[in-house]
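For reference, coords_12.txt is printed below; it contains compact mmCIF, C-alpha atoms.
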```txt
# COMPACT_ATOMS: atom_id res chain seq x y z
CA MET G 797 -2.17 -3.99 -28.16
CA LYS G 798 -4.35 -1.12 -26.96
CA ASP G 799 -1.80 0.31 -24.53
CA HIS G 800 1.28 -0.32 -26.66
CA HIS G 801 2.32 3.34 -26.60
CA LEU G 802 2.49 3.25 -22.78
CA HIS G 803 4.80 0.23 -22.45
CA TRP G 804 8.52 0.20 -21.70
CA THR G 805 10.80 -2.79 -22.31
CA GLU G 806 13.85 -3.76 -20.34
CA ILE G 807 17.28 -3.47 -21.95
CA GLU G 808 19.27 -4.71 -18.96
CA ARG G 809 19.27 -4.73 -15.18
CA ASP G 810 21.77 -4.96 -12.32
CA THR G 811 21.20 -5.71 -8.66
CA VAL G 812 22.37 -2.73 -6.59
CA LEU G 813 21.26 -3.78 -3.08
CA GLU G 814 20.54 -7.06 -1.28
CA ALA G 815 18.48 -6.11 1.79
CA LYS G 816 17.52 -9.30 3.66
CA ILE G 817 13.94 -9.85 2.44
CA TYR G 818 14.17 -7.90 -0.80
CA ARG G 819 16.65 -6.64 -3.36
CA ILE G 820 16.82 -3.45 -5.40
CA ASP G 821 17.58 -3.70 -9.13
CA ARG G 822 18.52 -0.81 -11.40
CA SER G 823 16.88 -1.40 -14.75
CA HIS G 824 17.58 0.32 -18.06
CA ARG G 825 14.40 0.62 -20.10
CA ARG G 826 13.19 1.90 -23.42
CA ALA G 827 9.77 3.37 -24.23
CA ALA G 828 7.78 2.57 -27.38
CA ASP G 829 8.79 5.95 -28.83
CA GLY G 830 12.51 5.31 -28.27
CA ARG G 831 13.12 7.29 -25.05
CA SER G 832 15.23 5.45 -22.50
CA ALA G 833 15.80 5.84 -18.76
CA HIS G 834 16.91 4.01 -15.59
CA TYR G 835 14.45 2.83 -12.95
CA TYR G 836 14.94 1.29 -9.51
CA VAL G 837 12.73 -1.72 -8.83
CA MET G 838 12.23 -3.53 -5.51
CA GLU G 839 12.08 -7.29 -6.04
CA SER G 840 10.32 -8.68 -2.98
CA PRO G 841 8.55 -11.97 -2.23
CA ASP G 842 4.76 -11.77 -2.19
CA TRP G 843 2.99 -10.89 1.04
CA ALA G 844 -0.23 -12.30 2.50
CA ASN G 845 -2.46 -11.38 5.39
CA VAL G 846 -5.59 -12.82 6.96
CA VAL G 847 -8.73 -11.28 8.40
CA ALA G 848 -9.37 -13.91 11.08
CA LEU G 849 -12.69 -13.86 12.91
CA THR G 850 -13.31 -15.29 16.36
CA ARG G 851 -15.61 -14.67 19.35
CA ASP G 852 -14.45 -13.08 22.59
CA GLU G 853 -15.64 -14.12 26.07
CA ALA G 854 -18.60 -11.75 25.76
CA GLY G 855 -19.68 -13.51 22.53
CA ARG G 856 -18.81 -10.58 20.28
CA ASP G 857 -17.46 -11.14 16.74
CA CYS G 858 -13.82 -10.06 16.83
CA PHE G 859 -10.83 -9.71 14.54
CA VAL G 860 -7.72 -11.57 15.73
CA MET G 861 -5.16 -8.77 15.38
CA VAL G 862 -1.51 -8.14 16.19
CA ARG G 863 0.15 -5.09 17.68
CA GLN G 864 3.80 -4.68 16.73
CA PHE G 865 6.56 -2.15 16.25
CA ARG G 866 7.25 -1.27 12.61
CA HIS G 867 10.75 -0.25 11.64
CA GLY G 868 9.80 1.99 8.70
CA THR G 869 7.68 4.39 10.74
CA MET G 870 9.32 3.57 14.12
CA ASN G 871 5.88 3.23 15.61
CA VAL G 872 3.42 0.60 16.83
CA SER G 873 0.86 -0.61 14.30
CA LEU G 874 -2.37 -2.60 14.75
CA GLU G 875 -2.58 -5.17 11.97
CA PHE G 876 -4.16 -8.31 10.63
CA PRO G 877 -1.70 -11.22 10.95
CA GLY G 878 0.46 -11.94 7.93
CA GLY G 879 3.87 -11.76 6.41
CA VAL G 880 6.08 -12.88 3.59
CA VAL G 881 5.09 -15.88 1.45
CA ASP G 882 8.01 -18.33 1.69
CA PRO G 883 9.58 -19.85 -1.46
CA GLY G 884 7.41 -22.72 -2.73
CA GLU G 885 4.62 -21.85 -0.32
CA SER G 886 1.12 -20.85 -1.46
CA PRO G 887 -0.34 -17.57 -0.14
CA ARG G 888 -3.05 -19.63 1.55
CA ASP G 889 -0.52 -21.79 3.40
CA ALA G 890 1.46 -18.65 4.30
CA VAL G 891 -1.49 -17.08 6.12
CA GLU G 892 -2.33 -20.32 7.92
CA ARG G 893 1.31 -20.47 9.11
CA GLU G 894 1.52 -16.77 10.00
CA LEU G 895 -1.78 -16.83 11.89
CA LEU G 896 -0.54 -19.74 14.00
CA GLU G 897 2.98 -18.34 14.54
CA GLU G 898 1.96 -14.77 15.33
CA THR G 899 -1.19 -15.41 17.35
CA GLY G 900 -1.44 -19.12 18.21
CA TYR G 901 -4.85 -19.19 16.48
CA ARG G 902 -5.94 -21.88 14.01
CA ALA G 903 -8.78 -21.91 11.51
CA GLU G 904 -10.34 -24.64 9.38
CA SER G 905 -10.74 -22.83 6.11
CA PHE G 906 -9.17 -19.83 4.36
CA VAL G 907 -10.99 -18.00 1.56
CA GLN G 908 -9.12 -15.53 -0.65
CA LEU G 909 -10.79 -12.11 -0.56
CA GLY G 910 -8.52 -10.46 -3.11
CA ALA G 911 -5.02 -9.45 -4.10
CA VAL G 912 -3.34 -6.15 -4.91
CA HIS G 913 0.00 -4.84 -6.04
CA PRO G 914 1.34 -2.99 -2.97
CA ASN G 915 3.10 -0.45 -5.18
CA PRO G 916 3.25 -1.03 -8.95
CA ALA G 917 5.56 1.97 -9.39
CA LEU G 918 8.33 0.58 -7.17
CA MET G 919 7.68 -3.11 -6.47
CA SER G 920 6.91 -6.21 -8.48
CA ASN G 921 5.19 -8.25 -5.79
CA ARG G 922 1.58 -8.90 -4.80
CA CYS G 923 -0.21 -8.87 -1.46
CA TYR G 924 -2.98 -11.43 -0.91
CA THR G 925 -5.78 -11.12 1.63
CA PHE G 926 -7.64 -14.13 3.05
CA LEU G 927 -10.61 -14.55 5.36
CA ALA G 928 -10.66 -17.17 8.13
CA LYS G 929 -13.91 -17.65 9.96
CA GLU G 930 -14.18 -19.32 13.37
CA ALA G 931 -10.52 -19.03 14.28
CA ALA G 932 -9.74 -20.42 17.73
CA PRO G 933 -6.72 -20.36 20.06
CA ALA G 934 -4.72 -23.57 19.61
CA GLU G 935 -1.07 -23.06 20.54
CA VAL G 936 1.33 -20.52 22.00
CA GLN G 937 2.97 -17.95 19.72
CA SER G 938 6.03 -19.12 17.80
CA LEU G 939 7.91 -15.94 16.90
CA ASP G 940 11.04 -15.27 14.89
CA ALA G 941 14.17 -14.17 16.78
CA ASN G 942 13.42 -10.44 16.58
CA GLU G 943 9.61 -10.47 16.58
CA ILE G 944 7.74 -9.03 19.56
CA ILE G 945 4.00 -9.23 18.97
CA ASP G 946 0.98 -8.61 21.19
CA VAL G 947 -2.23 -10.41 20.22
CA GLU G 948 -5.43 -8.39 20.51
CA LEU G 949 -9.07 -9.30 19.91
CA VAL G 950 -10.76 -6.26 18.35
CA PRO G 951 -14.56 -6.38 18.07
CA VAL G 952 -15.67 -5.98 14.44
CA GLU G 953 -18.12 -3.27 15.49
CA GLU G 954 -15.41 -1.42 17.41
CA LEU G 955 -13.04 -1.23 14.44
CA ALA G 956 -15.89 -0.09 12.18
CA ALA G 957 -16.82 2.65 14.66
CA ASP G 958 -13.22 3.70 15.25
CA ARG G 959 -11.70 3.03 11.83
CA ARG G 960 -9.54 6.15 12.02
CA ARG G 961 -7.65 5.09 15.16
CA PRO G 962 -4.07 6.25 14.55
CA GLU G 963 -2.41 2.85 14.93
CA PHE G 964 -4.62 1.40 12.16
CA ASP G 965 -3.13 3.30 9.23
CA HIS G 966 -1.07 0.62 7.42
CA ALA G 967 -2.26 0.82 3.80
CA MET G 968 -2.13 -2.96 3.34
CA MET G 969 -4.42 -3.37 6.37
CA LEU G 970 -6.89 -0.81 5.07
CA VAL G 971 -6.92 -2.78 1.80
CA ALA G 972 -7.64 -5.97 3.77
CA TYR G 973 -10.38 -4.18 5.69
CA HIS G 974 -11.90 -2.86 2.44
CA LEU G 975 -11.90 -6.39 0.96
CA PHE G 976 -13.60 -7.63 4.16
CA CYS G 977 -16.25 -4.89 3.82
CA GLU G 978 -16.85 -5.85 0.16
CA TRP G 979 -17.20 -9.50 1.21
CA LYS G 980 -19.63 -8.66 4.02
CA GLU G 981 -21.97 -6.68 1.73
CA MET J 640 4.03 3.94 27.95
CA LYS J 641 1.57 1.13 27.24
CA ASP J 642 3.51 -0.36 24.33
CA HIS J 643 7.01 0.23 25.76
CA HIS J 644 7.94 -3.47 25.48
CA LEU J 645 7.28 -3.35 21.70
CA HIS J 646 9.53 -0.39 20.88
CA TRP J 647 13.00 -0.43 19.34
CA THR J 648 15.41 2.50 19.44
CA GLU J 649 17.99 3.43 16.84
CA ILE J 650 21.70 3.06 17.67
CA GLU J 651 23.01 4.26 14.32
CA ARG J 652 22.19 4.29 10.63
CA ASP J 653 23.99 4.47 7.29
CA THR J 654 22.67 5.24 3.84
CA VAL J 655 23.31 2.24 1.57
CA LEU J 656 21.50 3.33 -1.61
CA GLU J 657 20.46 6.61 -3.22
CA ALA J 658 17.78 5.71 -5.76
CA LYS J 659 16.51 8.92 -7.39
CA ILE J 660 13.28 9.55 -5.44
CA TYR J 661 14.17 7.59 -2.30
CA ARG J 662 17.12 6.28 -0.36
CA ILE J 663 17.66 3.08 1.61
CA ASP J 664 19.20 3.30 5.09
CA ARG J 665 20.55 0.39 7.11
CA SER J 666 19.69 1.01 10.74
CA HIS J 667 21.06 -0.74 13.82
CA ARG J 668 18.37 -0.97 16.50
CA ARG J 669 17.88 -2.24 20.02
CA ALA J 670 14.70 -3.63 21.54
CA ALA J 671 13.45 -2.80 25.04
CA ASP J 672 14.68 -6.20 26.25
CA GLY J 673 18.22 -5.64 24.89
CA ARG J 674 18.07 -7.61 21.63
CA SER J 675 19.61 -5.82 18.67
CA ALA J 676 19.36 -6.22 14.89
CA HIS J 677 19.78 -4.41 11.57
CA TYR J 678 16.84 -3.16 9.51
CA TYR J 679 16.61 -1.63 6.05
CA VAL J 680 14.36 1.43 5.84
CA MET J 681 13.20 3.27 2.72
CA GLU J 682 13.25 7.02 3.25
CA SER J 683 10.89 8.45 0.65
CA PRO J 684 9.08 11.78 0.30
CA ASP J 685 5.36 11.68 1.09
CA TRP J 686 2.92 10.84 -1.68
CA ALA J 687 -0.50 12.32 -2.41
CA ASN J 688 -3.32 11.44 -4.75
CA VAL J 689 -6.68 12.95 -5.61
CA VAL J 690 -10.09 11.48 -6.33
CA ALA J 691 -11.25 14.12 -8.82
CA LEU J 692 -14.88 14.15 -9.89
CA THR J 693 -16.20 15.60 -13.12
CA ARG J 694 -19.10 15.02 -15.55
CA ASP J 695 -18.68 13.44 -18.96
CA GLU J 696 -20.58 14.51 -22.09
CA ALA J 697 -23.45 12.20 -21.15
CA GLY J 698 -23.78 13.97 -17.78
CA ARG J 699 -22.52 11.02 -15.76
CA ASP J 700 -20.42 11.54 -12.59
CA CYS J 701 -16.91 10.39 -13.47
CA PHE J 702 -13.51 9.98 -11.87
CA VAL J 703 -10.69 11.77 -13.71
CA MET J 704 -8.17 8.92 -13.93
CA VAL J 705 -4.80 8.21 -15.50
CA ARG J 706 -3.56 5.14 -17.30
CA GLN J 707 0.20 4.66 -17.18
CA PHE J 708 2.94 2.05 -17.29
CA ARG J 709 4.38 1.15 -13.90
CA HIS J 710 7.99 0.06 -13.69
CA GLY J 711 7.64 -2.19 -10.61
CA THR J 712 5.08 -4.53 -12.13
CA MET J 713 5.97 -3.73 -15.78
CA ASN J 714 2.30 -3.32 -16.51
CA VAL J 715 -0.30 -0.64 -17.16
CA SER J 716 -2.23 0.63 -14.15
CA LEU J 717 -5.44 2.68 -13.90
CA GLU J 718 -4.99 5.26 -11.13
CA PHE J 719 -6.18 8.43 -9.50
CA PRO J 720 -3.78 11.28 -10.35
CA GLY J 721 -1.02 11.94 -7.87
CA GLY J 722 2.65 11.69 -7.12
CA VAL J 723 5.44 12.76 -4.83
CA VAL J 724 4.99 15.78 -2.55
CA ASP J 725 7.85 18.17 -3.42
CA PRO J 726 10.09 19.65 -0.69
CA GLY J 727 8.31 22.57 1.00
CA GLU J 728 5.04 21.75 -0.75
CA SER J 729 1.84 20.82 1.13
CA PRO J 730 0.08 17.58 0.17
CA ARG J 731 -2.90 19.69 -0.90
CA ASP J 732 -0.78 21.80 -3.25
CA ALA J 733 0.89 18.63 -4.56
CA VAL J 734 -2.42 17.12 -5.69
CA GLU J 735 -3.55 20.39 -7.28
CA ARG J 736 -0.26 20.46 -9.22
CA GLU J 737 -0.32 16.75 -10.12
CA LEU J 738 -3.95 16.90 -11.27
CA LEU J 739 -3.12 19.78 -13.60
CA GLU J 740 0.16 18.31 -14.89
CA GLU J 741 -1.08 14.76 -15.42
CA THR J 742 -4.58 15.47 -16.71
CA GLY J 743 -4.93 19.19 -17.51
CA TYR J 744 -7.90 19.34 -15.09
CA ARG J 745 -8.35 22.03 -12.45
CA ALA J 746 -10.59 22.10 -9.37
CA GLU J 747 -11.59 24.89 -6.99
CA SER J 748 -11.31 23.07 -3.68
CA PHE J 749 -9.47 20.04 -2.32
CA VAL J 750 -10.68 18.23 0.81
CA GLN J 751 -8.42 15.73 2.58
CA LEU J 752 -10.15 12.33 2.86
CA GLY J 753 -7.43 10.63 4.87
CA ALA J 754 -3.82 9.55 5.08
CA VAL J 755 -2.07 6.21 5.53
CA HIS J 756 1.40 4.83 5.90
CA PRO J 757 2.01 2.96 2.62
CA ASN J 758 4.15 0.38 4.40
CA PRO J 759 5.13 0.94 8.05
CA ALA J 760 7.42 -2.10 7.97
CA LEU J 761 9.68 -0.78 5.21
CA MET J 762 8.96 2.93 4.65
CA SER J 763 8.71 6.04 6.77
CA ASN J 764 6.49 8.13 4.51
CA ARG J 765 2.77 8.86 4.34
CA CYS J 766 0.29 8.87 1.46
CA TYR J 767 -2.48 11.50 1.51
CA THR J 768 -5.77 11.25 -0.36
CA PHE J 769 -7.81 14.29 -1.35
CA LEU J 770 -11.20 14.79 -2.96
CA ALA J 771 -11.79 17.41 -5.66
CA LYS J 772 -15.36 17.97 -6.76
CA GLU J 773 -16.31 19.65 -10.04
CA ALA J 774 -12.94 19.29 -11.71
CA ALA J 775 -12.88 20.66 -15.25
CA PRO J 776 -10.46 20.55 -18.19
CA ALA J 777 -8.33 23.71 -18.20
CA GLU J 778 -4.99 23.12 -19.87
CA VAL J 779 -3.03 20.54 -21.83
CA GLN J 780 -0.99 17.94 -19.94
CA SER J 781 2.44 19.04 -18.73
CA LEU J 782 4.40 15.82 -18.25
CA ASP J 783 7.89 15.06 -16.96
CA ALA J 784 10.50 13.92 -19.49
CA ASN J 785 9.74 10.20 -19.12
CA GLU J 786 6.03 10.31 -18.29
CA ILE J 787 3.53 8.90 -20.79
CA ILE J 788 0.01 9.19 -19.40
CA ASP J 789 -3.44 8.65 -20.93
CA VAL J 790 -6.32 10.51 -19.29
CA GLU J 791 -9.55 8.55 -18.86
CA LEU J 792 -12.95 9.53 -17.49
CA VAL J 793 -14.32 6.53 -15.60
CA PRO J 794 -17.97 6.74 -14.51
CA VAL J 795 -18.27 6.33 -10.71
CA GLU J 796 -20.95 3.68 -11.22
CA GLU J 797 -18.76 1.78 -13.67
CA LEU J 798 -15.80 1.54 -11.28
CA ALA J 799 -18.12 0.45 -8.46
CA ALA J 800 -19.64 -2.27 -10.66
CA ASP J 801 -16.28 -3.40 -12.02
CA ARG J 802 -14.03 -2.74 -9.01
CA ARG J 803 -12.03 -5.91 -9.67
CA ARG J 804 -10.85 -4.91 -13.14
CA PRO J 805 -7.25 -6.13 -13.32
CA GLU J 806 -5.62 -2.76 -14.04
CA PHE J 807 -7.16 -1.27 -10.86
CA ASP J 808 -5.11 -3.22 -8.32
CA HIS J 809 -2.67 -0.59 -7.00
CA ALA J 810 -3.03 -0.76 -3.21
CA MET J 811 -2.73 3.03 -2.80
CA MET J 812 -5.61 3.49 -5.27
CA LEU J 813 -7.79 0.97 -3.44
CA VAL J 814 -7.08 2.94 -0.25
CA ALA J 815 -8.15 6.14 -2.03
CA TYR J 816 -11.28 4.42 -3.31
CA HIS J 817 -12.08 3.13 0.21
CA LEU J 818 -11.69 6.66 1.63
CA PHE J 819 -14.00 7.93 -1.13
CA CYS J 820 -16.58 5.25 -0.21
CA GLU J 821 -16.34 6.21 3.49
CA TRP J 822 -16.85 9.88 2.53
CA LYS J 823 -19.84 9.08 0.30
CA GLU J 824 -21.70 7.16 3.04
```

Would you give me this structure, written as structure tokens?
Amino acid sequence: MKDHHLHWTEIERDTVLEAKIYRIDRSHRRAADGRSAHYYVMESPDWANVVALTRDEAGRDCFVMVRQFRHGTMNVSLEFPGGVVDPGESPRDAVERELLEETGYRAESFVQLGAVHPNPALMSNRCYTFLAKEAAPAEVQSLDANEIIDVELVPVEELAADRRRPEFDHAMMLVAYHLFCEWKE
Amino acid sequence: MKDHHLHWTEIERDTVLEAKIYRIDRSHRRAADGRSAHYYVMESPDWANVVALTRDEAGRDCFVMVRQFRHGTMNVSLEFPGGVVDPGESPRDAVERELLEETGYRAESFVQLGAVHPNPALMSNRCYTFLAKEAAPAEVQSLDANEIIDVELVPVEELAADRRRPEFDHAMMLVAYHLFCEWKE
């Protein structure tokens, strides 16, 4: 194996924190050259988000986006809809469900634009990004007990022109936007 | 305040895990409408990375990149150099230091391309991306006790043509690459 000298193997691991949607494990590992050390790893379900396109009343192409408070930064963030992939659920079905729950919008088809590891150093999970064209309002929001979410149609041209707006600085959303830009090319 | 109805305030917090480079706090919070709930927040130092450009022996423009094992995914990742911003250090000084330690390359000037929140839902910290033009080999690597890092010059054109290579799927690196593409335009 080309990268053999870079690899570490696990000797043992213990769970040190159960934190609702993820857990933290402390893992004892050994390098190919015999060194050993402890690492903390976040074991989280996969995430998925969806760049959903619709038209506003003026006929402009818009992203269906959500504005919500985020508890890490204690600030409001403008995001593409998405969330945690439930056990047994496919990422595609997760974004269809999240789009409907968070925004009330439905779409006919969902195309995967890509997937990344949110943080290979700390976390094991993946984040998937889908595209939904011709999304349309279908139902009212169906939010979890502690979710408070505003739906916002953001013209595609407006986000491109104002990409640096401060509330659009969630790395996973910039990844989704980059994948959308690659798709559009 | 426009988004007042979205905001939560903190009632109290306790640290539930100290994990080397970060800690996890459990925070009790109240929404504007009176609902309350507990959230887990990762308090981590800021991170910074640097898109460093150099020329290889064939005269091609190349990224100075690092190949290293990542303990979250247990796999090898191809990345721009970077790491944690030390206490009292500026993000700019952090990338100058990390570039030198991880690769042995030096650059004259560092321009900030942007900054994101790696994950506003879970983490409070920011990740900064810098650009360094005309980086050049200056010293040997100076790695931490458990770091094993291969340096790799990747032609800019090659990464653009093969952006989906499986070892280049670290979200923070795709953010850095997107910021580089925005700068290049």

Residue nearest G:Ile945 - candidates G:Arg819, G:Glu894, G:Val837, G:Asp810, atoms counted: only C-alpha atoms: G:Glu894

Using all atoms listed in the file: which of J:Ala800, J:Ile787, J:Val705, J:Ala777 has the shortest distance to chain G: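 Among the listed residues, the smallest separation from chain G belongs to J:Ile787.
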
Can I get the residues of chain J within 6 Å of chain G, each with the closest pair of atoms and their distance in Å to one decimal, using only C-alpha atoms, sorted chain first then ascending number, as JSON lines?
```
{"residue": "J:Leu645", "atom": "CA", "partner": "G:Phe865", "partner_atom": "CA", "distance": 5.6}
{"residue": "J:His646", "atom": "CA", "partner": "G:Phe865", "partner_atom": "CA", "distance": 5.8}
{"residue": "J:Val680", "atom": "CA", "partner": "G:Gly868", "partner_atom": "CA", "distance": 5.4}
{"residue": "J:Phe708", "atom": "CA", "partner": "G:Leu802", "partner_atom": "CA", "distance": 5.6}
{"residue": "J:Arg709", "atom": "CA", "partner": "G:Ala917", "partner_atom": "CA", "distance": 4.7}
{"residue": "J:His710", "atom": "CA", "partner": "G:Ala917", "partner_atom": "CA", "distance": 5.3}
{"residue": "J:Gly711", "atom": "CA", "partner": "G:Met919", "partner_atom": "CA", "distance": 4.2}
{"residue": "J:Thr712", "atom": "CA", "partner": "G:Ser920", "partner_atom": "CA", "distance": 4.4}
{"residue": "J:Val755", "atom": "CA", "partner": "G:Asp965", "partner_atom": "CA", "distance": 4.8}
{"residue": "J:His756", "atom": "CA", "partner": "G:His966", "partner_atom": "CA", "distance": 5.1}
{"residue": "J:Pro757", "atom": "CA", "partner": "G:Ala967", "partner_atom": "CA", "distance": 4.9}
{"residue": "J:Pro759", "atom": "CA", "partner": "G:Gly868", "partner_atom": "CA", "distance": 4.8}
{"residue": "J:Ala760", "atom": "CA", "partner": "G:Arg866", "partner_atom": "CA", "distance": 4.7}
{"residue": "J:Leu761", "atom": "CA", "partner": "G:Gly868", "partner_atom": "CA", "distance": 4.5}
{"residue": "J:Met762", "atom": "CA", "partner": "G:Gly868", "partner_atom": "CA", "distance": 4.2}
{"residue": "J:Ser763", "atom": "CA", "partner": "G:Thr869", "partner_atom": "CA", "distance": 4.4}
{"residue": "J:Asp808", "atom": "CA", "partner": "G:Val912", "partner_atom": "CA", "distance": 4.8}
{"residue": "J:His809", "atom": "CA", "partner": "G:His913", "partner_atom": "CA", "distance": 5.1}
{"residue": "J:Ala810", "atom": "CA", "partner": "G:Pro914", "partner_atom": "CA", "distance": 4.9}
```

Coordinates-based distance that separates atom CA of J:Val703 from atom CA of J:Arg731 (Å, one decimal):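 Distance between the two atoms: 17.0 Å.
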
Atom CA of J:Glu773 to atom CA of J:Leu692, straight-line distance in Å: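 Atom CA of J:Leu692 sits 5.7 Å away from atom CA of J:Glu773.
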
Top pick for closest residue to G:Pro887, considering G:Ala956, G:Ala931, G:Pro841, G:Leu874 and counting all atoms listed in the file: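 Using all atoms listed in the file, the shortest distance to G:Pro887 belongs to G:Pro841.
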
Nearest-residue call for G:Glu875, choices G:Glu978, G:Glu948, G:Glu953, G:Asp852, using only C-alpha atoms: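 Closest to G:Glu875 of all the choices is G:Glu948.
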
Computed interatomic separation between atom CA of J:Glu778 and atom CA of J:Glu740 (Å): 8.6 Å

Contact residues around J:Leu792 with all atoms listed in the file at 12 Å, ignoring same-chain residues under 6 positions, as number ranges by chain: J: 690-706, 717-720, 742, 744, 774-776, 798

Nearby residues (only C-alpha atoms) at most 7 Å from J:Gln751, same-chain spacing under 2 positions excluded, as a list in words: Phe749, Gly753, Thr768, Phe769 and Leu770 of chain J
